[in-house]
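Next comes start.cif, with mmCIF, C-alpha atoms and all ligand atoms.
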data_start
#
loop_
_atom_site.label_atom_id
_atom_site.label_comp_id
_atom_site.auth_asym_id
_atom_site.auth_seq_id
_atom_site.Cartn_x
_atom_site.Cartn_y
_atom_site.Cartn_z
CA MET A 817 -43.59 33.13 45.45
CA ARG A 818 -41.40 33.89 42.45
CA VAL A 819 -38.21 32.00 43.26
CA PRO A 820 -35.96 29.92 40.97
CA LYS A 821 -36.98 26.26 40.55
CA THR A 822 -33.42 25.06 41.12
CA VAL A 823 -30.73 26.61 43.28
CA ARG A 824 -27.02 25.86 43.57
CA VAL A 825 -25.81 25.95 47.17
CA VAL A 826 -22.07 26.57 47.51
CA GLU A 827 -20.68 25.22 50.77
CA VAL A 828 -18.05 27.60 52.13
CA GLY A 829 -17.72 26.21 55.67
CA PRO A 830 -14.32 24.52 55.29
CA ARG A 831 -12.87 27.90 54.23
CA ASP A 832 -15.04 30.77 55.48
CA GLY A 833 -16.11 28.75 58.48
CA LEU A 834 -12.77 27.46 59.67
CA GLN A 835 -10.57 30.47 58.75
CA ASN A 836 -11.78 32.30 61.84
CA GLU A 837 -11.38 29.54 64.43
CA ALA A 838 -9.20 30.45 67.38
CA LYS A 839 -7.84 26.91 67.69
CA THR A 840 -6.07 25.04 64.91
CA VAL A 841 -8.36 22.47 63.34
CA PRO A 842 -6.45 19.28 62.45
CA THR A 843 -6.06 18.59 58.73
CA ALA A 844 -7.78 15.21 59.14
CA THR A 845 -10.86 16.91 60.63
CA LYS A 846 -11.03 19.33 57.68
CA VAL A 847 -10.73 16.44 55.24
CA ALA A 848 -13.46 14.45 57.03
CA LEU A 849 -15.69 17.53 56.99
CA ILE A 850 -15.27 18.04 53.24
CA GLU A 851 -15.85 14.33 52.52
CA GLN A 852 -19.08 14.41 54.55
CA LEU A 853 -20.23 17.56 52.73
CA ALA A 854 -19.64 15.76 49.43
CA ASP A 855 -21.66 12.79 50.74
CA ALA A 856 -24.46 15.20 51.65
CA GLY A 857 -24.70 16.30 48.02
CA PHE A 858 -22.82 19.60 47.64
CA LYS A 859 -21.39 20.00 44.16
CA THR A 860 -19.19 23.01 44.97
CA ILE A 861 -17.17 23.01 48.17
CA GLU A 862 -14.75 25.77 49.13
CA ALA A 863 -11.97 23.66 50.58
CA GLY A 864 -9.53 26.32 51.80
CA SER A 865 -7.43 29.29 50.78
CA PHE A 866 -3.92 30.03 49.58
CA VAL A 867 -3.27 33.25 51.44
CA SER A 868 -0.41 34.35 53.68
CA SER A 869 -0.18 31.97 56.64
CA LYS A 870 0.94 34.97 58.71
CA TRP A 871 -2.40 36.59 57.99
CA VAL A 872 -4.63 33.52 58.25
CA PRO A 873 -2.77 30.66 59.96
CA GLN A 874 -5.89 28.48 60.01
CA MET A 875 -5.64 27.91 56.25
CA ALA A 876 -1.92 27.09 56.20
CA ASP A 877 -2.58 23.39 55.54
CA THR A 878 -4.74 23.85 52.44
CA THR A 879 -2.24 21.96 50.24
CA ALA A 880 -2.35 19.00 52.65
CA VAL A 881 -6.16 19.12 52.72
CA MET A 882 -6.37 19.14 48.91
CA GLN A 883 -3.90 16.24 48.67
CA ALA A 884 -5.77 14.11 51.20
CA LEU A 885 -9.23 14.52 49.63
CA LYS A 886 -10.62 11.66 47.58
CA ARG A 887 -11.60 13.64 44.52
CA ARG A 888 -15.01 12.75 43.18
CA PRO A 889 -16.17 13.37 39.65
CA GLY A 890 -18.79 16.11 39.45
CA ILE A 891 -17.62 17.88 42.60
CA VAL A 892 -15.80 21.17 42.32
CA TYR A 893 -13.20 21.81 45.03
CA GLN A 894 -12.65 25.54 45.09
CA VAL A 895 -10.00 27.60 46.88
CA LEU A 896 -9.55 31.30 47.57
CA VAL A 897 -6.50 33.06 46.08
CA PRO A 898 -5.50 36.72 46.54
CA ASN A 899 -2.71 36.89 43.94
CA LEU A 900 -0.58 34.93 41.49
CA LYS A 901 1.38 33.26 44.28
CA GLY A 902 -1.89 31.89 45.64
CA PHE A 903 -2.99 30.84 42.17
CA ASP A 904 0.24 28.93 41.58
CA ALA A 905 -0.26 27.08 44.86
CA ALA A 906 -3.89 26.34 43.95
CA ARG A 907 -2.83 24.95 40.60
CA ALA A 908 -0.11 22.83 42.16
CA ALA A 909 -2.76 21.45 44.56
CA ASN A 910 -5.01 20.61 41.61
CA ALA A 911 -7.86 22.92 42.61
CA ASP A 912 -10.80 22.68 40.20
CA GLU A 913 -11.66 26.34 40.63
CA VAL A 914 -10.26 29.43 42.32
CA ALA A 915 -11.95 32.48 43.80
CA ILE A 916 -10.46 35.95 43.88
CA PHE A 917 -11.77 38.38 46.48
CA ALA A 918 -12.22 42.12 46.35
CA ALA A 919 -14.12 44.62 48.47
CA ALA A 920 -16.56 47.43 47.75
CA SER A 921 -14.96 49.56 50.47
CA GLU A 922 -11.40 50.88 50.44
CA SER A 923 -10.83 50.43 54.19
CA PHE A 924 -11.88 46.80 54.13
CA SER A 925 -9.74 46.09 51.06
CA ARG A 926 -6.75 47.58 52.87
CA ARG A 927 -7.38 45.58 56.08
CA ASN A 928 -8.20 42.31 54.36
CA ILE A 929 -5.66 42.13 51.54
CA ASN A 930 -3.37 45.08 52.30
CA CYS A 931 -4.04 47.04 49.13
CA SER A 932 -6.51 49.44 47.56
CA ILE A 933 -9.40 48.24 45.41
CA ALA A 934 -7.61 49.42 42.26
CA GLU A 935 -4.40 47.62 43.28
CA SER A 936 -6.37 44.44 43.98
CA ILE A 937 -7.78 44.51 40.45
CA GLU A 938 -4.21 44.91 39.12
CA ARG A 939 -3.15 41.84 41.13
CA PHE A 940 -6.10 39.83 39.84
CA ALA A 941 -5.37 40.52 36.16
CA PRO A 942 -2.40 38.11 35.92
CA VAL A 943 -4.36 35.52 37.94
CA MET A 944 -7.12 35.70 35.33
CA VAL A 945 -4.61 35.29 32.49
CA ALA A 946 -2.96 32.28 34.18
CA ALA A 947 -6.33 30.73 35.05
CA LYS A 948 -7.57 31.09 31.49
CA ALA A 949 -4.40 29.48 30.15
CA ALA A 950 -4.84 26.60 32.61
CA GLY A 951 -8.58 26.26 31.93
CA ILE A 952 -9.46 26.97 35.58
CA PRO A 953 -12.72 28.88 36.17
CA VAL A 954 -12.52 31.89 38.48
CA ARG A 955 -15.22 33.07 40.84
CA GLY A 956 -15.12 36.63 42.20
CA TYR A 957 -16.16 37.69 45.68
CA ILE A 958 -17.06 41.19 46.75
CA SER A 959 -17.04 41.96 50.47
CA CYS A 960 -19.00 44.71 52.20
CA VAL A 961 -21.81 44.87 49.65
CA VAL A 962 -24.11 46.55 52.19
CA ASP A 963 -21.98 47.96 55.01
CA CYS A 964 -18.28 48.13 55.85
CA PRO A 965 -17.10 47.61 59.46
CA TYR A 966 -14.83 50.65 59.10
CA GLU A 967 -16.73 53.03 56.78
CA GLY A 968 -20.41 52.26 57.39
CA ALA A 969 -22.92 52.18 54.52
CA VAL A 970 -21.62 51.21 51.09
CA SER A 971 -23.48 52.50 48.04
CA PRO A 972 -25.05 49.95 45.67
CA GLN A 973 -23.28 51.82 42.87
CA ALA A 974 -19.87 51.10 44.40
CA VAL A 975 -20.75 47.40 44.51
CA ALA A 976 -22.06 47.49 40.94
CA ASP A 977 -18.84 49.14 39.78
CA ILE A 978 -16.53 46.51 41.26
CA ALA A 979 -18.87 43.68 40.18
CA GLY A 980 -18.69 44.97 36.60
CA ARG A 981 -14.90 45.08 36.79
CA LEU A 982 -14.61 41.51 38.10
CA HIS A 983 -17.04 40.31 35.46
CA ASP A 984 -15.10 42.13 32.71
CA LEU A 985 -11.92 40.48 34.02
CA GLY A 986 -13.54 37.11 33.28
CA CYS A 987 -15.07 35.85 36.55
CA TYR A 988 -17.84 33.39 35.67
CA GLU A 989 -19.77 34.34 38.79
CA ILE A 990 -19.74 37.18 41.31
CA SER A 991 -20.60 36.36 44.93
CA LEU A 992 -22.02 39.35 46.81
CA GLY A 993 -20.86 39.26 50.43
CA ASP A 994 -22.73 40.86 53.30
CA THR A 995 -19.57 40.42 55.33
CA ILE A 996 -20.85 41.79 58.63
CA GLY A 997 -24.45 40.65 58.25
CA THR A 998 -26.05 44.06 58.75
CA GLY A 999 -28.12 43.93 55.57
CA THR A 1000 -31.91 43.81 55.49
CA PRO A 1001 -34.03 42.65 52.54
CA ALA A 1002 -34.80 46.02 50.92
CA ARG A 1003 -31.13 47.01 50.95
CA ILE A 1004 -30.12 43.64 49.50
CA VAL A 1005 -32.66 44.01 46.68
CA ALA A 1006 -31.51 47.59 45.90
CA MET A 1007 -27.90 46.38 45.79
CA VAL A 1008 -28.71 43.35 43.59
CA ASP A 1009 -30.73 45.55 41.21
CA ALA A 1010 -27.79 47.97 40.87
CA VAL A 1011 -25.33 45.13 40.25
CA ALA A 1012 -27.67 43.51 37.72
CA GLU A 1013 -27.23 46.61 35.52
CA HIS A 1014 -23.63 45.42 34.99
CA VAL A 1015 -23.70 41.63 35.50
CA PRO A 1016 -26.51 39.25 34.46
CA ARG A 1017 -28.45 37.94 37.48
CA GLU A 1018 -27.71 34.32 36.57
CA ARG A 1019 -24.04 35.12 37.19
CA LEU A 1020 -24.62 36.42 40.71
CA ALA A 1021 -24.48 34.61 44.05
CA ILE A 1022 -25.46 35.84 47.50
CA HIS A 1023 -23.15 35.34 50.48
CA CYS A 1024 -24.77 36.32 53.76
CA HIS A 1025 -23.23 36.33 57.20
CA ASP A 1026 -25.87 36.03 59.89
CA THR A 1027 -24.65 38.49 62.51
CA TYR A 1028 -28.03 40.19 62.93
CA GLY A 1029 -30.17 37.13 62.14
CA GLN A 1030 -31.20 38.59 58.77
CA ALA A 1031 -29.49 36.10 56.48
CA LEU A 1032 -32.47 33.88 55.60
CA ALA A 1033 -34.71 36.89 54.96
CA ASN A 1034 -31.99 38.42 52.80
CA ILE A 1035 -31.50 35.19 50.87
CA LEU A 1036 -35.22 34.90 50.21
CA ALA A 1037 -35.23 38.49 48.93
CA ALA A 1038 -32.24 37.66 46.70
CA LEU A 1039 -34.02 34.55 45.36
CA GLU A 1040 -37.05 36.68 44.55
CA SER A 1041 -34.67 39.08 42.77
CA GLY A 1042 -33.60 36.27 40.45
CA ILE A 1043 -30.42 35.02 42.15
CA ALA A 1044 -30.07 31.24 42.04
CA THR A 1045 -26.74 30.62 43.80
CA ILE A 1046 -26.43 30.78 47.58
CA ASP A 1047 -23.27 30.49 49.68
CA SER A 1048 -23.70 28.92 53.10
CA SER A 1049 -21.68 27.27 55.81
CA VAL A 1050 -22.49 24.02 57.61
CA ALA A 1051 -23.53 24.59 61.24
CA GLY A 1052 -23.27 28.36 60.60
CA LEU A 1053 -19.51 28.29 61.10
CA GLY A 1054 -17.40 31.26 60.36
CA GLY A 1055 -16.60 34.92 60.11
CA CYS A 1056 -13.84 36.95 58.56
CA PRO A 1057 -10.74 37.65 60.68
CA TYR A 1058 -10.65 41.20 59.24
CA ALA A 1059 -14.31 41.99 59.98
CA PRO A 1060 -14.51 42.36 63.78
CA GLY A 1061 -17.67 40.93 65.29
CA ALA A 1062 -18.85 39.28 62.07
CA ALA A 1063 -20.69 36.05 62.84
CA GLY A 1064 -20.71 32.91 60.75
CA ASN A 1065 -22.31 32.52 57.38
CA VAL A 1066 -25.92 31.55 57.17
CA ALA A 1067 -26.13 27.89 58.20
CA SER A 1068 -26.42 25.46 55.29
CA GLU A 1069 -29.01 23.50 57.29
CA ASP A 1070 -31.26 26.57 57.57
CA VAL A 1071 -30.94 27.33 53.85
CA VAL A 1072 -31.69 23.75 52.79
CA TYR A 1073 -34.70 23.56 55.11
CA MET A 1074 -36.08 26.81 53.65
CA LEU A 1075 -35.46 25.66 50.07
CA ASP A 1076 -37.27 22.38 50.82
CA GLY A 1077 -40.23 24.35 52.12
CA LEU A 1078 -40.24 26.49 48.98
CA GLY A 1079 -40.12 23.39 46.76
CA VAL A 1080 -36.81 24.51 45.25
CA ALA A 1081 -34.51 21.72 44.00
CA HIS A 1082 -30.95 21.75 45.41
CA GLY A 1083 -29.66 18.15 45.60
CA ILE A 1084 -28.63 18.18 49.26
CA ASP A 1085 -29.68 15.59 51.83
CA LEU A 1086 -30.72 17.53 54.94
CA ALA A 1087 -30.27 14.59 57.36
CA LYS A 1088 -26.71 13.95 56.14
CA LEU A 1089 -25.97 17.68 56.25
CA ALA A 1090 -27.27 17.96 59.82
CA ALA A 1091 -25.11 14.99 60.84
CA THR A 1092 -22.11 16.76 59.28
CA GLY A 1093 -22.97 19.88 61.26
CA ARG A 1094 -23.03 17.81 64.46
CA PHE A 1095 -19.68 16.24 63.54
CA ILE A 1096 -17.85 19.54 63.00
CA SER A 1097 -19.55 21.23 65.97
CA ALA A 1098 -18.45 18.37 68.25
CA ALA A 1099 -14.92 18.60 66.82
CA LEU A 1100 -14.89 22.33 67.66
CA GLY A 1101 -16.50 21.72 71.07
CA ARG A 1102 -19.66 23.73 70.53
CA GLU A 1103 -23.31 23.58 69.50
CA PRO A 1104 -24.25 24.21 65.85
CA ALA A 1105 -25.36 27.83 65.34
CA SER A 1106 -28.23 26.59 63.15
CA LYS A 1107 -31.71 26.59 64.67
CA CYS A 1108 -32.76 24.00 62.11
CA ALA A 1109 -29.85 21.75 63.13
CA LYS A 1110 -30.77 22.09 66.80
CA ALA A 1111 -34.42 21.26 66.10
CA LEU A 1112 -33.48 18.21 64.02
CA ALA A 1113 -31.05 17.04 66.72
CA SER A 1114 -33.66 17.29 69.49
CA LYS A 1115 -36.20 15.43 67.31
CA ALA A 1116 -33.67 12.66 66.67
CA ALA A 1117 -32.72 12.39 70.38
P1 LIG A 1201 1.09 41.50 51.94
O1 LIG A 1201 1.83 41.41 53.21
O2 LIG A 1201 0.69 42.85 51.44
O3 LIG A 1201 1.80 40.72 50.74
O4 LIG A 1201 -0.20 40.57 52.06
P2 LIG A 1201 3.24 40.65 50.22
O5 LIG A 1201 3.13 40.37 48.74
O6 LIG A 1201 4.07 41.83 50.67
O7 LIG A 1201 3.79 39.33 50.93
C1 LIG A 1201 4.03 39.24 52.32
C2 LIG A 1201 4.34 37.80 52.69
O8 LIG A 1201 3.19 36.98 52.36
C3 LIG A 1201 5.48 37.23 51.89
O9 LIG A 1201 6.10 36.26 52.72
C4 LIG A 1201 4.80 36.54 50.75
O10 LIG A 1201 5.57 35.48 50.19
C5 LIG A 1201 3.57 35.98 51.44
P3 LIG A 1201 7.42 36.62 53.58
O11 LIG A 1201 8.44 37.04 52.54
O12 LIG A 1201 7.07 37.74 54.50
O13 LIG A 1201 7.75 35.33 54.29
N1 LIG A 1201 2.45 35.77 50.51
C6 LIG A 1201 1.79 34.62 50.43
N2 LIG A 1201 1.91 33.45 51.09
C7 LIG A 1201 1.05 32.46 50.76
N3 LIG A 1201 0.08 32.60 49.82
C8 LIG A 1201 -0.05 33.75 49.15
C9 LIG A 1201 0.81 34.81 49.45
N4 LIG A 1201 0.93 36.07 48.96
C10 LIG A 1201 1.94 36.64 49.62
N5 LIG A 1201 -1.02 33.86 48.22
C11 LIG A 1201 -1.93 39.20 51.18
C12 LIG A 1201 -1.11 40.46 51.00
C13 LIG A 1201 -3.08 39.26 50.21
C14 LIG A 1201 -1.05 38.00 50.87
C15 LIG A 1201 -2.42 39.13 52.65
O14 LIG A 1201 -3.05 40.33 52.95
C16 LIG A 1201 -3.35 37.98 52.89
O15 LIG A 1201 -2.94 36.83 52.84
N6 LIG A 1201 -4.61 38.27 53.19
C17 LIG A 1201 -5.58 37.22 53.42
C18 LIG A 1201 -6.87 37.75 53.86
C19 LIG A 1201 -7.87 36.65 53.99
O16 LIG A 1201 -7.64 35.48 53.70
N7 LIG A 1201 -9.07 37.06 54.46
C20 LIG A 1201 -10.14 36.17 54.65
C21 LIG A 1201 -10.78 35.73 53.36
S1 LIG A 1201 -11.82 36.97 52.61
C22 LIG A 1201 -13.36 36.74 53.38
O17 LIG A 1201 -13.49 36.01 54.32
C23 LIG A 1201 -14.55 37.42 52.77
C24 LIG A 1201 -15.46 36.50 51.96
O18 LIG A 1201 -15.90 35.40 52.73
C25 LIG A 1201 -16.68 37.27 51.43
C26 LIG A 1201 -17.40 38.05 52.54
O19 LIG A 1201 -17.90 37.43 53.49
O20 LIG A 1201 -17.41 39.26 52.42
C27 LIG A 1201 -14.71 35.92 50.73
MG MG A 1202 -17.58 35.39 54.05
#
Rewrite the coordinates I just gave you, this time as structure tokens.
Ligand code: HMG
Ligand code: MG
Amino acid sequence: MRVPKTVRVVEVGPRDGLQNEAKTVPTATKVALIEQLADAGFKTIEAGSFVSSKWVPQMADTTAVMQALKRRPGIVYQVLVPNLKGFDAARAANADEVAIFAAASESFSRRNINCSIAESIERFAPVMVAAKAAGIPVRGYISCVVDCPYEGAVSPQAVADIAGRLHDLGCYEISLGDTIGTGTPARIVAMVDAVAEHVPRERLAIHCHDTYGQALANILAALESGIATIDSSVAGLGGCPYAPGAAGNVASEDVVYMLDGLGVAHGIDLAKLAATGRFISAALGREPASKCAKALASKAA
């Protein structure tokens, strides 16, 4: 199989995973989760977001989380920011990196960040200027790269257009989000190929939610299309509060198991990762969503 020899796995569970929890997760639990993910070998961990706490109350303690973490050299603690206010908070919290987030569909942009796609780009411009001045790298997310929960199918060209704009703004990487997990491999490949006309493949990441159980197949297709960065979430936590019915991200355990089988280097210890998945699942009072995690747990029992 033609897949990259080395892949970077970005752990988004502490943000994308926990933002959608009905119950408040204590700050200490979030901090313990992030520390365990660092122990397991992740080099980029999305630790939280600086968004309106009226919109996403679960992320209201991101400053406290960032302050409590024992920062380790070589690990990038990234946070999501929708505007300059968020960026200023991220900077004050000493975030290593920030991520801005746009959508390929107008309705989702409106529901998620209360503005049009064009307005969101206008809001990101000063964030990019401030980040450049502060030497903080910026990642760009695009939601609804396959389908939108409100508008249905999204054209690959619309995704390519917004990806090009985020890249031109200065994002070092664009993460392509199948927010509601409806994608299938051929549609993912068509979308990646369209985006790659505007942004080099080595600057793309794939971000799959697993609502329809297609995430691993889609990730494999993306790897074969030359993408070498995968977003995933420990224990398959997550969903977006503004994408009704969206399940969690692909489970990090499932991704790491597949990469091991493909002989792809990634630097993550699967046993430690699975233990982390059991820790956060127990804290949330549920089973991990990952089949790999369940299989490893029953083998260990
Ligand atoms: P708005 O109401 O249009 O903004 O919200 P506003 O500028 O009018 O401000 C309203 C209030 O929010 C004000 O407070 C501001 O100070 C405050 P008030 O005066 O009412 O007390 N505010 C902020 N507070 C904290 N941090 C900030 C901030 N900005 C304004 N940065 C806004 C616009 C973008 C703020 C709002 O819509 C929002 O917070 N949305 C968050 C949406 C979100 O976090 N969604 C989930 C993450 S995206 C995702 O999951 C998808 C992804 O995983 C990829 C994929 O799967 O597709 C990345
Ligand atoms: Mg997501």
Atom pair atom C17 of ligand LIG 1201 (chain A) / CA of Val867 in chain A: separation (Å)
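Between atom C17 of ligand LIG 1201 (chain A) and CA of Val867 in chain A the gap is 5.0 Å.
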Counting all atoms listed in the file, which residues of chain A fall within 7 Å of ligand LIG 1201 (chain A), and what is the closest atom pair for each with its distance in Å at one decimal, ordered by chain and rising number, as JSON lines?
{"residue": "A:Asp832", "atom": "CA", "partner": "A:LIG1201", "partner_atom": "O18", "distance": 5.5}
{"residue": "A:Ser865", "atom": "CA", "partner": "A:LIG1201", "partner_atom": "O16", "distance": 6.8}
{"residue": "A:Phe866", "atom": "CA", "partner": "A:LIG1201", "partner_atom": "N3", "distance": 4.8}
{"residue": "A:Val867", "atom": "CA", "partner": "A:LIG1201", "partner_atom": "N3", "distance": 3.8}
{"residue": "A:Ser868", "atom": "CA", "partner": "A:LIG1201", "partner_atom": "N2", "distance": 3.6}
{"residue": "A:Ser869", "atom": "CA", "partner": "A:LIG1201", "partner_atom": "C7", "distance": 6.0}
{"residue": "A:Trp871", "atom": "CA", "partner": "A:LIG1201", "partner_atom": "O15", "distance": 5.2}
{"residue": "A:Val872", "atom": "CA", "partner": "A:LIG1201", "partner_atom": "O16", "distance": 5.8}
{"residue": "A:Val897", "atom": "CA", "partner": "A:LIG1201", "partner_atom": "N5", "distance": 5.9}
{"residue": "A:Pro898", "atom": "CA", "partner": "A:LIG1201", "partner_atom": "C13", "distance": 5.1}
{"residue": "A:Asn899", "atom": "CA", "partner": "A:LIG1201", "partner_atom": "N5", "distance": 5.5}
{"residue": "A:Leu900", "atom": "CA", "partner": "A:LIG1201", "partner_atom": "N5", "distance": 6.8}
{"residue": "A:Lys901", "atom": "CA", "partner": "A:LIG1201", "partner_atom": "N5", "distance": 4.7}
{"residue": "A:Gly902", "atom": "CA", "partner": "A:LIG1201", "partner_atom": "N5", "distance": 3.4}
{"residue": "A:Phe917", "atom": "CA", "partner": "A:LIG1201", "partner_atom": "C27", "distance": 5.7}
{"residue": "A:Asn928", "atom": "CA", "partner": "A:LIG1201", "partner_atom": "C18", "distance": 4.8}
{"residue": "A:Ile929", "atom": "CA", "partner": "A:LIG1201", "partner_atom": "O14", "distance": 3.5}
{"residue": "A:Asn930", "atom": "CA", "partner": "A:LIG1201", "partner_atom": "O2", "distance": 4.7}
{"residue": "A:Cys931", "atom": "CA", "partner": "A:LIG1201", "partner_atom": "O2", "distance": 6.7}
{"residue": "A:Tyr957", "atom": "CA", "partner": "A:LIG1201", "partner_atom": "C27", "distance": 5.5}
{"residue": "A:Ile958", "atom": "CA", "partner": "A:LIG1201", "partner_atom": "O20", "distance": 6.0}
{"residue": "A:Ser959", "atom": "CA", "partner": "A:LIG1201", "partner_atom": "O20", "distance": 3.4}
{"residue": "A:Cys960", "atom": "CA", "partner": "A:LIG1201", "partner_atom": "O20", "distance": 5.7}
{"residue": "A:Gly993", "atom": "CA", "partner": "A:LIG1201", "partner_atom": "O20", "distance": 4.0}
{"residue": "A:Asp994", "atom": "CA", "partner": "A:LIG1201", "partner_atom": "O20", "distance": 5.6}
{"residue": "A:Thr995", "atom": "CA", "partner": "A:LIG1201", "partner_atom": "O20", "distance": 3.8}
{"residue": "A:His1023", "atom": "CA", "partner": "A:LIG1201", "partner_atom": "O19", "distance": 6.4}
{"residue": "A:Cys1024", "atom": "CA", "partner": "A:LIG1201", "partner_atom": "O19", "distance": 7.0}
{"residue": "A:His1025", "atom": "CA", "partner": "A:LIG1201", "partner_atom": "O19", "distance": 6.6}
{"residue": "A:Gly1055", "atom": "CA", "partner": "A:LIG1201", "partner_atom": "O17", "distance": 6.7}
{"residue": "A:Cys1056", "atom": "CA", "partner": "A:LIG1201", "partner_atom": "O17", "distance": 4.4}
{"residue": "A:Pro1057", "atom": "CA", "partner": "A:LIG1201", "partner_atom": "C20", "distance": 6.2}
{"residue": "A:Tyr1058", "atom": "CA", "partner": "A:LIG1201", "partner_atom": "N7", "distance": 6.5}
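Considering the residues A:Ala969, A:Val962, A:Leu1039, A:Val975 and counting only C-alpha atoms, Gly999 in chain A has its shortest atom-to-atom contact with A:Val962.
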Could you name the residues that touch range 1046-1051 of chain A at 9 Å or less, counting all atoms listed in the file, but leaving out those on the same chain fewer than 5 positions away, as number ranges by chain?
A: 823-833, 853, 991, 1021-1025, 1035, 1039, 1064-1071, 1089-1090, 1092-1094, 1096-1097, 1103-1106, 1109
Can you spit out the residues from that selection as a PDB file, in the frame of the given file, using C-alpha atoms?
ATOM      1  CA  VAL A 823     -30.730  26.610  43.280  1.00  0.00           C
ATOM      2  CA  ARG A 824     -27.020  25.860  43.570  1.00  0.00           C
ATOM      3  CA  VAL A 825     -25.810  25.950  47.170  1.00  0.00           C
ATOM      4  CA  VAL A 826     -22.070  26.570  47.510  1.00  0.00           C
ATOM      5  CA  GLU A 827     -20.680  25.220  50.770  1.00  0.00           C
ATOM      6  CA  VAL A 828     -18.050  27.600  52.130  1.00  0.00           C
ATOM      7  CA  GLY A 829     -17.720  26.210  55.670  1.00  0.00           C
ATOM      8  CA  PRO A 830     -14.320  24.520  55.290  1.00  0.00           C
ATOM      9  CA  ARG A 831     -12.870  27.900  54.230  1.00  0.00           C
ATOM     10  CA  ASP A 832     -15.040  30.770  55.480  1.00  0.00           C
ATOM     11  CA  GLY A 833     -16.110  28.750  58.480  1.00  0.00           C
ATOM     12  CA  LEU A 853     -20.230  17.560  52.730  1.00  0.00           C
ATOM     13  CA  SER A 991     -20.600  36.360  44.930  1.00  0.00           C
ATOM     14  CA  ALA A1021     -24.480  34.610  44.050  1.00  0.00           C
ATOM     15  CA  ILE A1022     -25.460  35.840  47.500  1.00  0.00           C
ATOM     16  CA  HIS A1023     -23.150  35.340  50.480  1.00  0.00           C
ATOM     17  CA  CYS A1024     -24.770  36.320  53.760  1.00  0.00           C
ATOM     18  CA  HIS A1025     -23.230  36.330  57.200  1.00  0.00           C
ATOM     19  CA  ILE A1035     -31.500  35.190  50.870  1.00  0.00           C
ATOM     20  CA  LEU A1039     -34.020  34.550  45.360  1.00  0.00           C
ATOM     21  CA  GLY A1064     -20.710  32.910  60.750  1.00  0.00           C
ATOM     22  CA  ASN A1065     -22.310  32.520  57.380  1.00  0.00           C
ATOM     23  CA  VAL A1066     -25.920  31.550  57.170  1.00  0.00           C
ATOM     24  CA  ALA A1067     -26.130  27.890  58.200  1.00  0.00           C
ATOM     25  CA  SER A1068     -26.420  25.460  55.290  1.00  0.00           C
ATOM     26  CA  GLU A1069     -29.010  23.500  57.290  1.00  0.00           C
ATOM     27  CA  ASP A1070     -31.260  26.570  57.570  1.00  0.00           C
ATOM     28  CA  VAL A1071     -30.940  27.330  53.850  1.00  0.00           C
ATOM     29  CA  LEU A1089     -25.970  17.680  56.250  1.00  0.00           C
ATOM     30  CA  ALA A1090     -27.270  17.960  59.820  1.00  0.00           C
ATOM     31  CA  THR A1092     -22.110  16.760  59.280  1.00  0.00           C
ATOM     32  CA  GLY A1093     -22.970  19.880  61.260  1.00  0.00           C
ATOM     33  CA  ARG A1094     -23.030  17.810  64.460  1.00  0.00           C
ATOM     34  CA  ILE A1096     -17.850  19.540  63.000  1.00  0.00           C
ATOM     35  CA  SER A1097     -19.550  21.230  65.970  1.00  0.00           C
ATOM     36  CA  GLU A1103     -23.310  23.580  69.500  1.00  0.00           C
ATOM     37  CA  PRO A1104     -24.250  24.210  65.850  1.00  0.00           C
ATOM     38  CA  ALA A1105     -25.360  27.830  65.340  1.00  0.00           C
ATOM     39  CA  SER A1106     -28.230  26.590  63.150  1.00  0.00           C
ATOM     40  CA  ALA A1109     -29.850  21.750  63.130  1.00  0.00           C
TER      41      ALA A1109
END
What separation in Å, quoted to one decimal, exists between CA of Phe903 in chain A and CA of Val881 in chain A?
16.1 Å
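Restricting the calculation to only C-alpha atoms, the smallest distance between Glu1013 in chain A and any of A:Asp1076, A:Asp977, A:Asp963, A:Glu913 is found for A:Asp977.
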Coordinates-based distance that separates CA of Val1005 in chain A from CA of Ala1038 in chain A (Å, one decimal)
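Separating CA of Ala1038 in chain A from CA of Val1005 in chain A is a distance of 6.4 Å.
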Let me know the centre plus edge lengths, in Å and rounded to one decimal, of a box with edges along x, y and z that contains all listed atoms of range 1023-1026 of chain A and is padded by 4 Å on every side, as lines of an AutoDock Vina configuration file.
center_x = -24.5
center_y = 35.8
center_z = 55.2
size_x = 10.7
size_y = 9.0
size_z = 17.4
Can you pull out every residue within 12 Å of Ala1002 in chain A, counting only C-alpha atoms, but drop anything in the same chain fewer than 3 positions away, and send it as JSON, numbers by chain?
{"A": [962, 972, 998, 999, 1005, 1006, 1007, 1008, 1009, 1030, 1033, 1034, 1035, 1036, 1037, 1038, 1040, 1041]}
